[in-house]
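Heads up, run.txt below (compact mmCIF, C-alpha atoms and all ligand atoms):
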```
# COMPACT_ATOMS: atom_id res chain seq x y z
CA MET A 1 -6.45 1.12 -33.21
CA ASN A 2 -4.63 -2.21 -33.14
CA LEU A 3 -3.05 -1.86 -29.70
CA GLU A 4 -1.06 -5.07 -29.93
CA ALA A 5 0.63 -4.18 -33.22
CA THR A 6 1.25 -0.55 -32.22
CA LEU A 7 2.89 -1.48 -28.94
CA GLY A 8 4.93 -4.19 -30.59
CA LYS A 9 6.46 -1.48 -32.79
CA LEU A 10 6.99 0.96 -29.93
CA TYR A 11 9.00 -1.71 -28.11
CA SER A 12 11.78 -0.96 -30.63
CA VAL A 13 12.54 2.33 -28.81
CA TYR A 14 14.78 0.43 -26.36
CA MET A 15 15.01 -3.18 -25.26
CA TYR A 16 13.88 -4.31 -21.81
CA PRO A 17 13.76 -7.88 -20.48
CA ALA A 18 10.43 -9.61 -19.77
CA ARG A 19 8.14 -6.92 -21.10
CA PHE A 20 4.42 -7.51 -21.12
CA PRO A 21 3.42 -9.37 -24.27
CA SER A 22 1.48 -6.66 -26.06
CA LYS A 23 -1.55 -8.92 -26.55
CA ILE A 24 -2.56 -8.84 -22.86
CA PHE A 25 -3.53 -5.17 -22.87
CA ASP A 26 -6.77 -5.58 -24.83
CA LEU A 27 -8.01 -8.12 -22.29
CA PHE A 28 -7.01 -5.89 -19.36
CA PHE A 29 -8.70 -2.76 -20.72
CA SER A 30 -11.82 -4.73 -21.68
CA LYS A 31 -12.33 -5.70 -18.01
CA LEU A 32 -12.20 -2.17 -16.58
CA GLU A 33 -15.51 -1.09 -15.08
CA VAL A 34 -14.62 2.26 -13.56
CA ARG A 35 -12.80 5.26 -14.98
CA GLY A 36 -9.62 6.42 -13.26
CA VAL A 37 -5.84 6.14 -13.27
CA ILE A 38 -3.92 3.06 -14.47
CA PHE A 39 -1.04 1.98 -12.22
CA ASP A 40 1.96 -0.34 -12.48
CA PRO A 41 4.29 -0.58 -9.46
CA PHE A 42 6.86 -2.82 -11.23
CA ALA A 43 6.67 -1.04 -14.56
CA GLY A 44 10.14 -1.85 -16.02
CA SER A 45 10.13 -0.08 -19.36
CA GLY A 46 6.66 1.35 -18.71
CA SER A 47 4.79 -0.67 -21.35
CA LEU A 48 1.55 -0.13 -19.43
CA ALA A 49 2.03 3.65 -19.56
CA LEU A 50 2.26 3.44 -23.35
CA ALA A 51 -0.78 1.19 -23.66
CA SER A 52 -2.72 3.55 -21.35
CA TYR A 53 -1.58 6.57 -23.35
CA LEU A 54 -2.82 5.01 -26.57
CA LYS A 55 -6.14 4.19 -24.84
CA CYS A 56 -6.42 7.75 -23.44
CA TYR A 57 -6.03 6.80 -19.76
CA ASP A 58 -3.84 8.71 -17.28
CA SER A 59 -1.18 6.45 -15.81
CA VAL A 60 1.29 6.22 -12.95
CA VAL A 61 4.27 3.92 -13.45
CA TRP A 62 6.96 3.13 -10.89
CA ASP A 63 10.17 1.15 -10.99
CA LEU A 64 13.50 0.97 -9.22
CA ASN A 65 15.36 1.21 -12.51
CA PRO A 66 15.94 4.81 -13.72
CA MET A 67 15.80 3.48 -17.31
CA ILE A 68 12.01 3.70 -16.96
CA HIS A 69 12.21 7.47 -17.13
CA VAL A 70 14.24 7.42 -20.36
CA ILE A 71 12.22 4.73 -22.15
CA VAL A 72 8.77 6.08 -21.24
CA ASP A 73 9.66 9.67 -22.12
CA ALA A 74 11.19 8.67 -25.46
CA SER A 75 8.29 6.35 -26.37
CA VAL A 76 5.59 8.86 -25.45
CA ASN A 77 7.40 11.48 -27.51
CA VAL A 78 7.47 9.09 -30.45
CA VAL A 79 3.69 8.78 -30.14
CA ARG A 80 3.35 12.56 -29.82
CA GLY A 81 5.21 12.91 -33.11
CA TYR A 82 8.58 14.34 -32.01
CA SER A 83 11.12 14.35 -34.79
CA VAL A 84 13.53 11.41 -34.60
CA GLY A 85 15.64 13.07 -37.31
CA GLU A 86 16.18 16.06 -35.03
CA ALA A 87 17.47 13.86 -32.23
CA LEU A 88 19.86 12.31 -34.71
CA ARG A 89 21.04 15.76 -35.82
CA LEU A 90 21.87 16.58 -32.20
CA LEU A 91 24.20 13.61 -32.25
CA GLU A 92 26.04 15.19 -35.16
CA ASP A 93 26.69 18.23 -32.93
CA ALA A 94 27.72 15.91 -30.11
CA LEU A 95 30.38 14.22 -32.24
CA ARG A 96 32.05 17.65 -32.60
CA TYR A 97 31.60 18.55 -28.92
CA GLY A 98 34.75 19.59 -27.07
CA ARG A 99 33.93 18.96 -23.39
CA GLY A 100 34.05 15.20 -23.02
CA TRP A 101 33.00 13.02 -20.12
CA LEU A 102 33.46 9.31 -19.43
CA PRO A 103 32.30 6.91 -16.71
CA SER A 104 35.21 5.88 -14.45
CA ASP A 105 35.49 2.32 -15.84
CA ALA A 106 35.03 3.27 -19.52
CA GLY A 107 38.47 1.85 -20.42
CA TYR A 108 37.23 -1.62 -19.47
CA TRP A 109 34.12 -1.49 -21.67
CA TRP A 110 35.23 0.33 -24.83
CA PRO A 111 38.21 -0.13 -27.11
CA GLU A 112 40.74 2.73 -26.96
CA GLN A 113 39.73 4.10 -30.41
CA VAL A 114 36.06 4.37 -29.36
CA LEU A 115 36.62 6.32 -26.12
CA ASP A 116 36.88 9.72 -27.79
CA ILE A 117 33.43 9.39 -29.37
CA ILE A 118 31.80 7.97 -26.24
CA SER A 119 33.26 10.85 -24.27
CA ARG A 120 31.95 13.54 -26.68
CA VAL A 121 28.48 12.02 -26.95
CA TRP A 122 28.01 11.70 -23.18
CA GLY A 123 29.75 14.99 -22.38
CA PHE A 124 27.24 16.64 -24.72
CA PHE A 125 24.38 14.79 -22.99
CA ARG A 126 25.43 16.00 -19.51
CA ASP A 127 25.92 19.60 -20.59
CA ASN A 128 23.00 20.04 -22.99
CA MET A 129 20.40 17.28 -22.68
CA ALA A 130 19.74 16.22 -19.07
CA SER A 131 21.35 15.51 -15.72
CA PHE A 132 20.47 12.93 -13.12
CA ASN A 133 19.26 14.37 -9.83
CA ASP A 134 20.48 11.83 -7.33
CA SER A 135 18.38 12.94 -4.38
CA LYS A 136 15.17 12.89 -6.44
CA LEU A 137 16.22 9.83 -8.49
CA ALA A 138 15.02 11.61 -11.63
CA PHE A 139 16.46 12.99 -14.83
CA GLU A 140 16.19 16.75 -15.12
CA PRO A 141 15.97 17.66 -18.81
CA TYR A 142 17.50 20.80 -20.34
CA ASP A 143 16.08 19.92 -23.73
CA GLU A 144 12.83 18.08 -24.51
CA ARG A 145 14.65 15.84 -26.97
CA TRP A 146 16.87 14.41 -24.19
CA SER A 147 15.29 10.96 -24.03
CA LEU A 148 15.21 10.36 -27.80
CA TYR A 149 18.85 11.46 -27.96
CA ALA A 150 19.58 9.08 -25.05
CA VAL A 151 18.02 5.94 -26.56
CA ILE A 152 19.80 6.44 -29.89
CA ALA A 153 23.15 7.24 -28.25
CA LEU A 154 22.82 4.37 -25.76
CA TYR A 155 22.12 1.91 -28.54
CA ALA A 156 25.17 2.98 -30.58
CA SER A 157 27.40 3.14 -27.48
CA ARG A 158 26.39 -0.37 -26.50
CA ARG A 159 26.99 -1.73 -30.00
CA LEU A 160 30.53 -0.34 -29.86
CA SER A 161 31.24 -1.76 -26.38
CA TYR A 162 32.61 -5.16 -25.38
CA THR A 163 29.26 -6.27 -23.99
CA ASP A 164 27.21 -8.88 -25.85
CA ASP A 165 24.38 -7.14 -27.76
CA SER A 166 22.12 -10.17 -27.80
CA VAL A 167 21.57 -10.41 -24.03
CA PRO A 168 20.41 -7.60 -21.77
CA LYS A 169 23.35 -7.75 -19.37
CA TRP A 170 26.75 -6.05 -19.19
CA PHE A 171 29.62 -8.52 -19.39
CA LYS A 172 32.80 -8.53 -21.42
CA SER A 173 32.15 -10.98 -24.25
CA ARG A 174 35.13 -12.65 -25.89
CA TYR A 175 33.19 -12.89 -29.13
CA LYS A 176 32.48 -9.15 -29.08
CA VAL A 177 36.11 -8.25 -28.32
CA GLY A 178 37.15 -10.12 -31.49
CA ARG A 179 34.28 -8.76 -33.55
CA LEU A 180 35.01 -5.15 -32.61
CA ALA A 181 38.70 -5.57 -33.39
CA THR A 182 37.78 -6.77 -36.90
CA LEU A 183 35.16 -4.05 -37.44
CA LEU A 184 37.47 -1.28 -36.26
CA SER A 185 40.32 -2.49 -38.43
CA VAL A 186 38.32 -1.89 -41.61
CA ASN A 187 35.92 0.93 -40.65
CA ASP A 188 36.25 4.48 -39.47
CA VAL A 189 35.07 4.59 -35.85
CA ARG A 190 32.87 7.65 -36.39
CA GLU A 191 31.18 6.08 -39.37
CA LEU A 192 30.56 2.97 -37.33
CA PHE A 193 29.02 4.92 -34.46
CA TRP A 194 26.94 6.87 -36.93
CA ARG A 195 25.79 3.68 -38.68
CA TYR A 196 24.45 2.23 -35.41
CA ALA A 197 22.85 5.52 -34.40
CA ARG A 198 21.09 5.77 -37.76
CA LEU A 199 19.97 2.15 -37.56
CA LYS A 200 18.21 2.82 -34.24
CA ALA A 201 16.78 6.13 -35.44
CA VAL A 202 15.36 4.53 -38.60
CA ARG A 203 13.71 1.75 -36.58
CA ILE A 204 12.10 4.27 -34.27
CA ALA A 205 11.00 6.46 -37.18
CA ARG A 206 9.39 3.45 -38.88
CA ALA A 207 7.46 2.65 -35.70
CA GLN A 208 6.38 6.29 -35.58
CA GLU A 209 5.18 6.32 -39.20
CA SER A 210 2.95 3.33 -38.63
CA LEU A 211 1.31 4.76 -35.49
CA VAL A 212 -2.19 6.11 -35.28
CA LYS A 213 -1.90 9.07 -32.92
CA PRO A 214 -4.59 8.98 -30.20
CA ASN A 215 -7.01 11.88 -30.00
CA CYS A 216 -6.03 12.79 -26.47
CA LYS A 217 -3.07 13.83 -24.33
CA PRO A 218 -3.32 11.82 -21.12
CA ASN A 219 -1.00 12.37 -18.19
CA VAL A 220 1.89 9.97 -17.58
CA GLU A 221 3.59 10.06 -14.17
CA VAL A 222 6.89 8.20 -13.94
CA LYS A 223 8.69 7.65 -10.65
CA VAL A 224 11.93 5.88 -9.75
CA VAL A 225 11.19 4.39 -6.36
CA ASP A 226 11.62 1.36 -4.13
CA VAL A 227 8.03 0.15 -4.19
CA VAL A 228 8.39 -1.93 -1.05
CA THR A 229 9.00 1.11 1.13
CA ALA A 230 7.23 3.80 -0.96
CA SER A 231 5.36 6.12 1.39
CA LYS A 232 2.26 6.87 -0.64
CA TYR A 233 0.61 4.73 -3.28
CA PRO A 234 -1.52 6.46 -5.93
CA ASP A 235 -5.23 7.05 -5.30
CA GLY A 236 -8.08 6.88 -7.79
CA VAL A 237 -6.70 3.74 -9.46
CA ALA A 238 -9.23 2.05 -11.77
CA GLY A 239 -6.88 -0.66 -12.88
CA ALA A 240 -3.42 -1.93 -12.06
CA LEU A 241 -1.52 -4.34 -14.22
CA THR A 242 1.89 -5.44 -13.12
CA SER A 243 4.61 -7.99 -13.62
CA PRO A 244 6.95 -8.48 -10.67
CA PRO A 245 10.39 -10.03 -11.26
CA TYR A 246 10.25 -13.76 -12.04
CA VAL A 247 12.03 -14.69 -8.76
CA GLN A 248 15.74 -14.59 -9.68
CA ALA A 249 15.57 -14.87 -13.47
CA GLN A 250 17.01 -11.40 -14.04
CA GLU A 251 19.01 -8.73 -12.24
CA TYR A 252 17.49 -5.63 -13.75
CA ILE A 253 19.75 -2.91 -12.35
CA ARG A 254 22.87 -4.91 -13.17
CA SER A 255 21.60 -5.48 -16.70
CA PHE A 256 21.49 -1.74 -17.30
CA SER A 257 24.55 -0.71 -15.26
CA GLY A 258 26.41 0.38 -18.42
CA GLU A 259 23.51 2.53 -19.63
CA LEU A 260 22.97 4.04 -16.17
CA LYS A 261 26.63 5.04 -15.87
CA LEU A 262 26.59 6.74 -19.28
CA LEU A 263 23.45 8.60 -18.27
CA GLY A 264 25.29 9.97 -15.23
CA VAL A 265 23.77 7.85 -12.45
CA PRO A 266 26.51 7.66 -9.76
CA ASP A 267 28.10 4.24 -9.08
CA SER A 268 27.05 4.44 -5.42
CA THR A 269 23.39 4.90 -6.45
CA ILE A 270 23.57 1.97 -8.86
CA SER A 271 24.90 -0.23 -6.00
CA ARG A 272 22.20 1.01 -3.63
CA LEU A 273 19.43 0.33 -6.16
CA ARG A 274 20.84 -3.18 -6.73
CA SER A 275 20.55 -3.93 -3.03
CA LEU A 276 16.85 -2.92 -3.04
CA GLU A 277 15.87 -5.14 -5.96
CA ILE A 278 13.46 -8.02 -5.32
CA PRO A 279 14.46 -10.77 -4.45
CA TYR A 280 18.00 -9.61 -3.55
CA ARG A 281 16.91 -8.06 -0.26
CA PRO A 282 15.88 -9.48 3.13
CA PRO A 283 12.36 -10.90 3.64
CA ILE A 284 9.86 -8.71 5.49
CA ASN A 285 7.34 -9.58 8.15
CA LEU A 286 4.26 -10.65 6.16
CA ASN A 287 2.22 -13.80 6.60
CA VAL A 288 1.79 -15.47 3.20
CA GLU A 289 -1.73 -16.92 3.17
CA SER A 290 -1.24 -19.54 0.48
CA PRO A 291 -1.17 -23.36 0.87
CA THR A 292 0.80 -23.60 -2.40
CA TYR A 293 3.51 -21.38 -0.89
CA GLN A 294 3.71 -23.52 2.27
CA GLU A 295 4.07 -26.69 0.14
CA LEU A 296 6.74 -25.00 -1.95
CA LEU A 297 8.88 -24.22 1.10
CA GLU A 298 8.70 -27.76 2.46
CA GLY A 299 11.97 -29.62 2.12
CA LEU A 300 13.81 -26.69 0.52
CA GLU A 301 17.32 -25.94 1.75
CA HIS A 302 17.69 -22.87 3.97
CA LYS A 303 19.23 -20.69 1.23
CA TYR A 304 16.37 -21.29 -1.21
CA ARG A 305 13.70 -20.94 1.49
CA LYS A 306 15.14 -17.52 2.28
CA LEU A 307 15.11 -16.61 -1.39
CA LEU A 308 11.42 -17.51 -1.77
CA GLU A 309 10.55 -15.82 1.52
CA SER A 310 12.23 -12.67 0.33
CA TYR A 311 10.56 -12.87 -3.06
CA PHE A 312 7.01 -13.50 -1.88
CA THR A 313 6.89 -11.31 1.25
CA ASN A 314 8.25 -8.26 -0.59
CA THR A 315 6.22 -8.81 -3.75
CA LEU A 316 2.96 -9.48 -1.91
CA GLN A 317 3.45 -6.40 0.24
CA VAL A 318 3.54 -4.30 -2.94
CA LEU A 319 0.50 -6.04 -4.43
CA GLU A 320 -1.46 -5.66 -1.17
CA ARG A 321 -0.72 -1.95 -0.99
CA THR A 322 -1.66 -1.53 -4.63
CA ALA A 323 -4.98 -3.32 -4.08
CA GLU A 324 -5.76 -1.47 -0.85
CA ASN A 325 -5.42 1.89 -2.62
CA MET A 326 -7.50 0.94 -5.67
CA MET A 327 -11.10 2.09 -6.09
CA GLU A 328 -13.94 -0.38 -5.54
CA LYS A 329 -14.56 -2.48 -8.67
CA ALA A 330 -11.04 -1.74 -9.90
CA ILE A 331 -9.02 -4.52 -11.52
CA LEU A 332 -5.64 -5.85 -10.43
CA GLY A 333 -3.83 -7.92 -13.06
CA VAL A 334 -0.64 -9.79 -12.19
CA PHE A 335 1.51 -11.37 -14.86
CA ALA A 336 4.60 -13.55 -14.33
CA GLY A 337 6.59 -16.36 -15.81
CA GLU A 338 7.03 -19.66 -14.03
CA ALA A 339 10.58 -19.63 -12.70
CA THR A 340 12.25 -22.66 -11.12
CA VAL A 341 14.18 -22.98 -7.86
CA ARG A 342 16.25 -26.16 -7.43
CA GLY A 343 14.43 -27.63 -10.44
CA LYS A 344 11.02 -27.02 -8.81
CA PRO A 345 8.58 -24.80 -10.69
CA VAL A 346 7.47 -21.79 -8.65
CA PRO A 347 3.80 -21.08 -9.49
CA ILE A 348 4.10 -17.37 -8.73
CA ILE A 349 0.66 -16.43 -9.99
CA LYS A 350 -1.09 -19.23 -8.09
CA VAL A 351 0.51 -18.09 -4.82
CA VAL A 352 -0.38 -14.46 -5.56
CA ARG A 353 -4.01 -15.36 -6.34
CA GLU A 354 -4.42 -17.55 -3.24
CA HIS A 355 -2.92 -14.91 -0.95
CA LEU A 356 -4.77 -11.89 -2.32
CA THR A 357 -8.20 -13.55 -2.53
CA ARG A 358 -7.87 -14.91 1.04
CA LYS A 359 -6.53 -11.77 2.63
CA LEU A 360 -8.24 -8.95 0.74
CA ASN A 361 -11.64 -8.36 -0.84
CA LEU A 362 -10.42 -9.41 -4.28
CA ARG A 363 -12.19 -11.92 -6.51
CA GLU A 364 -11.15 -13.62 -9.73
CA VAL A 365 -12.54 -12.05 -12.87
CA GLU A 366 -14.28 -14.47 -15.21
CA GLY A 367 -12.01 -15.26 -18.15
CA GLY A 368 -9.18 -13.49 -16.37
CA ILE A 369 -6.75 -16.38 -15.97
CA ILE A 370 -4.47 -16.88 -18.89
CA GLU A 371 -1.64 -19.29 -19.45
CA ASP A 372 0.71 -18.42 -22.26
CA ARG A 373 3.17 -21.01 -23.51
CA ILE A 374 6.08 -19.00 -24.79
CA ARG A 375 6.93 -19.77 -28.37
CA ARG A 376 8.66 -16.79 -29.85
CA ARG A 377 9.73 -14.80 -26.82
CA ARG A 378 13.32 -15.40 -25.90
CA LEU A 379 13.27 -15.16 -22.16
CA PHE A 380 16.41 -15.56 -20.13
CA LYS A 381 17.76 -18.56 -22.05
CA LYS A 382 21.39 -19.65 -22.02
CA ARG A 383 22.00 -18.20 -18.59
CA LYS A 384 24.07 -19.64 -15.81
CA ASN A 385 21.29 -19.10 -13.31
CA MET A 386 18.40 -21.00 -11.79
CA ASN A 387 16.53 -21.06 -15.12
CA PRO A 388 19.06 -22.45 -17.61
CA ASN A 389 16.27 -23.35 -20.05
CA GLY A 390 14.66 -19.97 -19.86
CA ILE A 391 11.08 -19.34 -18.83
CA GLN A 392 8.67 -21.72 -20.57
CA VAL A 393 5.30 -20.45 -19.50
CA GLU A 394 3.78 -17.19 -18.31
CA HIS A 395 0.51 -16.66 -16.43
CA LEU A 396 -1.86 -13.77 -15.97
CA THR A 397 -4.54 -13.44 -13.34
CA LEU A 398 -7.12 -10.67 -13.17
CA LEU A 399 -8.79 -9.88 -9.85
CA ARG A 400 -11.57 -7.41 -9.08
CA LYS A 401 -11.88 -5.39 -5.87
CA GLU A 402 -15.27 -6.15 -4.35
CA PRO A 403 -17.17 -3.48 -2.45
CA ILE A 404 -16.81 -4.02 1.32
CA LYS A 405 -20.15 -5.15 2.85
CA ARG A 406 -21.14 -2.63 5.49
C1 LIG A 501 9.29 -8.23 -15.11
S1 LIG A 501 9.96 -6.63 -14.94
C2 LIG A 501 8.64 -5.59 -15.45
C3 LIG A 501 8.58 -5.44 -16.96
C4 LIG A 501 7.41 -4.57 -17.41
N1 LIG A 501 6.15 -5.25 -17.25
C5 LIG A 501 7.56 -4.12 -18.86
O1 LIG A 501 6.65 -4.36 -19.67
O2 LIG A 501 8.59 -3.51 -19.18
C6 LIG A 501 10.02 -6.44 -13.18
C7 LIG A 501 10.50 -5.08 -12.69
O3 LIG A 501 10.49 -5.04 -11.26
C8 LIG A 501 11.43 -4.05 -10.87
N2 LIG A 501 11.73 -4.12 -9.43
C9 LIG A 501 12.38 -5.08 -8.74
N3 LIG A 501 12.47 -4.75 -7.44
C10 LIG A 501 11.88 -3.53 -7.29
C11 LIG A 501 11.67 -2.65 -6.19
N4 LIG A 501 12.09 -2.93 -4.95
N5 LIG A 501 11.02 -1.47 -6.42
C12 LIG A 501 10.60 -1.14 -7.68
N6 LIG A 501 10.77 -1.95 -8.75
C13 LIG A 501 11.40 -3.13 -8.57
C14 LIG A 501 12.62 -4.35 -11.77
O4 LIG A 501 13.48 -3.22 -11.90
C15 LIG A 501 11.94 -4.73 -13.09
O5 LIG A 501 11.91 -3.64 -13.99
```

In structure tokens, how does this file's structure come out?
Amino acid sequence: MNLEATLGKLYSVYMYPARFPSKIFDLFFSKLEVRGVIFDPFAGSGSLALASYLKCYDSVVWDLNPMIHVIVDASVNVVRGYSVGEALRLLEDALRYGRGWLPSDAGYWWPEQVLDIISRVWGFFRDNMASFNDSKLAFEPYDERWSLYAVIALYASRRLSYTDDSVPKWFKSRYKVGRLATLLSVNDVRELFWRYARLKAVRIARAQESLVKPNCKPNVEVKVVDVVTASKYPDGVAGALTSPPYVQAQEYIRSFSGELKLLGVPDSTISRLRSLEIPYRPPINLNVESPTYQELLEGLEHKYRKLLESYFTNTLQVLERTAENMMEKAILGVFAGEATVRGKPVPIIKVVREHLTRKLNLREVEGGIIEDRIRRRRLFKKRKNMNPNGIQVEHLTLLRKEPIKR
């Protein structure tokens, strides 16, 4: 199977910022020496779970963002052959549904004429598809088609909202306000919603048609969790591949706040998750054993020092715990883009490699360092943040856990 091409298509299930480029999976799987579980503590949309599924490996994927549950479930079901048409038919029922429900700030995000549809579609979801269990931070499905319904309905709801569709972030775009006013003046709102829903469903169905189904049904465990304080990391890990945030290039929870509200995640939970996101949380007590890190901090103003301290201490804590729980000879791959702070490049992967190889029994894998100049990927450009030119280069390092000499 052509893993790269297959995953590229599956990425159409729902967008997520800074996904793994699908070409790195072949290299990662080719370096595995032991059989066991595949783990990603910062899994985002769960791309590694999909790659592992297609390669017949069990996987465990964690993230702070509850979207992981929706995207992984929908994507795995696409691979398993669930009918996309059926999920679309459920939306037809939803458009006739009488018990509506809207997030509290819906009037700010949707034009008046659209609110009735949004309310029916998400009222139907709450009553018939799934609910969010706030204490477990998990969706509890009533219907196995819940996640496919969700990705199609989220896509159409977003297209009909005032947020800009071209960037993964919720903000009221002046362009979109004007565009929606024009669209709604000449189209029936239901037809418009239906057009967007069908567009998404057709894209997913095309991806499904071109898939080669694997001859296996591996286990996929998804968990919404703060990885910094998680009590128990998975055992029996043969390989971990992960991509932590690229310092402050993206606020992931904020980017999906509109989706999370529609899915029934309470506002207070969204705020709490935002405060736990790396690097928007306090540093922790961890000694970073990297000369590159020490050089980086020199001469930086207090505010930016604190930012990097928060970023590296929290991220390295997660990587250390991942490595400590892996089996001997297991592989740890870390992938990240080179962000900038005050115009200075932050060589995230170099710091990670220096720290982990000094502190733990991890060694670089031959041929396991990759630098990828980004040509086609549109990463975080045109933002008013610390990376106004986007991320120009991404790096991967692969490390192997050496047996401890006794
Ligand atoms: C670069 S993205 C990962 C993208 C992923 N590789 C993919 O292919 O979709 C980094 C992820 O780290 C997550 N993250 C940030 N802080 C976290 C925390 N404290 N606990 C768990 N996940 C966290 C973010 O929600 C985000 O999804």

Per-residue nearest contacts of stretch 217-326 of chain A to stretch 107-129 of chain A (12 Å; all atoms listed in the file) as a Markdown table:
```
| residue | atom | partner | partner_atom | distance |
| --- | --- | --- | --- | --- |
| A:Ser257 | CA | A:Trp109 | CA | 11.5 |
| A:Gly258 | CA | A:Trp109 | CA | 8.6 |
| A:Glu259 | CA | A:Trp122 | CA | 10.8 |
| A:Leu260 | CA | A:Trp122 | CA | 11.5 |
| A:Lys261 | CA | A:Trp122 | CA | 10.0 |
| A:Leu262 | CA | A:Trp122 | CA | 6.5 |
| A:Leu263 | CA | A:Trp122 | CA | 7.4 |
| A:Gly264 | CA | A:Arg126 | CA | 7.4 |
| A:Val265 | CA | A:Arg126 | CA | 10.9 |
```

Within 8 Å of ligand LIG 501 (chain A), which residues of chain A show up? Give each one with its shortest atom-to-atom distance in Å (one decimal) and the two atoms involved, counting all atoms listed in the file, rows by chain then rising residue number, as JSON lines.
```
{"residue": "A:Tyr16", "atom": "CA", "partner": "A:LIG501", "partner_atom": "O2", "distance": 6.0}
{"residue": "A:Pro17", "atom": "CA", "partner": "A:LIG501", "partner_atom": "C3", "distance": 6.7}
{"residue": "A:Ala18", "atom": "CA", "partner": "A:LIG501", "partner_atom": "C1", "distance": 5.0}
{"residue": "A:Arg19", "atom": "CA", "partner": "A:LIG501", "partner_atom": "O1", "distance": 3.3}
{"residue": "A:Phe20", "atom": "CA", "partner": "A:LIG501", "partner_atom": "O1", "distance": 4.1}
{"residue": "A:Pro21", "atom": "CA", "partner": "A:LIG501", "partner_atom": "O1", "distance": 7.5}
{"residue": "A:Pro41", "atom": "CA", "partner": "A:LIG501", "partner_atom": "C12", "distance": 6.6}
{"residue": "A:Phe42", "atom": "CA", "partner": "A:LIG501", "partner_atom": "O3", "distance": 4.3}
{"residue": "A:Ala43", "atom": "CA", "partner": "A:LIG501", "partner_atom": "C4", "distance": 4.6}
{"residue": "A:Gly44", "atom": "CA", "partner": "A:LIG501", "partner_atom": "O5", "distance": 3.2}
{"residue": "A:Ser45", "atom": "CA", "partner": "A:LIG501", "partner_atom": "O2", "distance": 3.8}
{"residue": "A:Gly46", "atom": "CA", "partner": "A:LIG501", "partner_atom": "O2", "distance": 5.3}
{"residue": "A:Ser47", "atom": "CA", "partner": "A:LIG501", "partner_atom": "O1", "distance": 4.5}
{"residue": "A:Leu48", "atom": "CA", "partner": "A:LIG501", "partner_atom": "O1", "distance": 6.6}
{"residue": "A:Trp62", "atom": "CA", "partner": "A:LIG501", "partner_atom": "C12", "distance": 6.5}
{"residue": "A:Asp63", "atom": "CA", "partner": "A:LIG501", "partner_atom": "N6", "distance": 3.9}
{"residue": "A:Leu64", "atom": "CA", "partner": "A:LIG501", "partner_atom": "C12", "distance": 3.9}
{"residue": "A:Asn65", "atom": "CA", "partner": "A:LIG501", "partner_atom": "O4", "distance": 4.9}
{"residue": "A:Ile68", "atom": "CA", "partner": "A:LIG501", "partner_atom": "O5", "distance": 7.9}
{"residue": "A:Val224", "atom": "CA", "partner": "A:LIG501", "partner_atom": "C12", "distance": 7.4}
{"residue": "A:Val225", "atom": "CA", "partner": "A:LIG501", "partner_atom": "C12", "distance": 5.7}
{"residue": "A:Asp226", "atom": "CA", "partner": "A:LIG501", "partner_atom": "N5", "distance": 3.7}
{"residue": "A:Val227", "atom": "CA", "partner": "A:LIG501", "partner_atom": "N5", "distance": 4.1}
{"residue": "A:Val228", "atom": "CA", "partner": "A:LIG501", "partner_atom": "N4", "distance": 5.5}
{"residue": "A:Thr229", "atom": "CA", "partner": "A:LIG501", "partner_atom": "N4", "distance": 7.9}
{"residue": "A:Thr242", "atom": "CA", "partner": "A:LIG501", "partner_atom": "N1", "distance": 5.9}
{"residue": "A:Ser243", "atom": "CA", "partner": "A:LIG501", "partner_atom": "N1", "distance": 4.8}
{"residue": "A:Pro244", "atom": "CA", "partner": "A:LIG501", "partner_atom": "C6", "distance": 4.5}
{"residue": "A:Pro245", "atom": "CA", "partner": "A:LIG501", "partner_atom": "C6", "distance": 4.1}
{"residue": "A:Tyr246", "atom": "CA", "partner": "A:LIG501", "partner_atom": "C1", "distance": 6.4}
{"residue": "A:Glu251", "atom": "CA", "partner": "A:LIG501", "partner_atom": "C14", "distance": 7.8}
{"residue": "A:Tyr252", "atom": "CA", "partner": "A:LIG501", "partner_atom": "O4", "distance": 5.0}
{"residue": "A:Ile253", "atom": "CA", "partner": "A:LIG501", "partner_atom": "O4", "distance": 6.3}
{"residue": "A:Leu276", "atom": "CA", "partner": "A:LIG501", "partner_atom": "N4", "distance": 5.1}
{"residue": "A:Glu277", "atom": "CA", "partner": "A:LIG501", "partner_atom": "N3", "distance": 3.7}
{"residue": "A:Ile278", "atom": "CA", "partner": "A:LIG501", "partner_atom": "N3", "distance": 4.0}
{"residue": "A:Pro279", "atom": "CA", "partner": "A:LIG501", "partner_atom": "N3", "distance": 7.0}
{"residue": "A:Asn314", "atom": "CA", "partner": "A:LIG501", "partner_atom": "N4", "distance": 7.9}
{"residue": "A:Ala336", "atom": "CA", "partner": "A:LIG501", "partner_atom": "C1", "distance": 7.1}
```

(message) Which residues are near stretch 179-193 of chain A? Cut-off 9 Å, all atoms listed in the file, ignore same chain within fewer than 4 positions. Put them as a PyMOL selection string.
(response) chain A and resi 95+111+113-114+117+153+156-157+159-162+174-175+197-198

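Taking atom CA of A:Ser173 as the reference point, atom CA of A:Ala249 is found at 20.2 Å.
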
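You can rank A:Pro218, A:Pro168, A:Pro403, A:Pro266 by their closest distance to A:Leu137 using only C-alpha atoms, and at the top of that list sits A:Pro266.
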
(request) For atom CA of A:Asp164 and atom CA of A:Val177, quote the distance in Å rounded to one decimal. (result) 9.3 Å

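In this model, the gap between atom CA of A:Ser22 and atom CA of A:Asp40 comes to 15.0 Å.
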
(request) Find the spatial neighbours of stretch 322-332 of chain A, counting all atoms listed in the file, within a cut-off of 9 Å - ignore same-chain residues fewer than 4 positions away - and output them as a VMD selection string. (result) chain A and resid 28 31 to 36 39 to 41 233 to 242 317 to 318 356 360 to 362 365 397 to 404
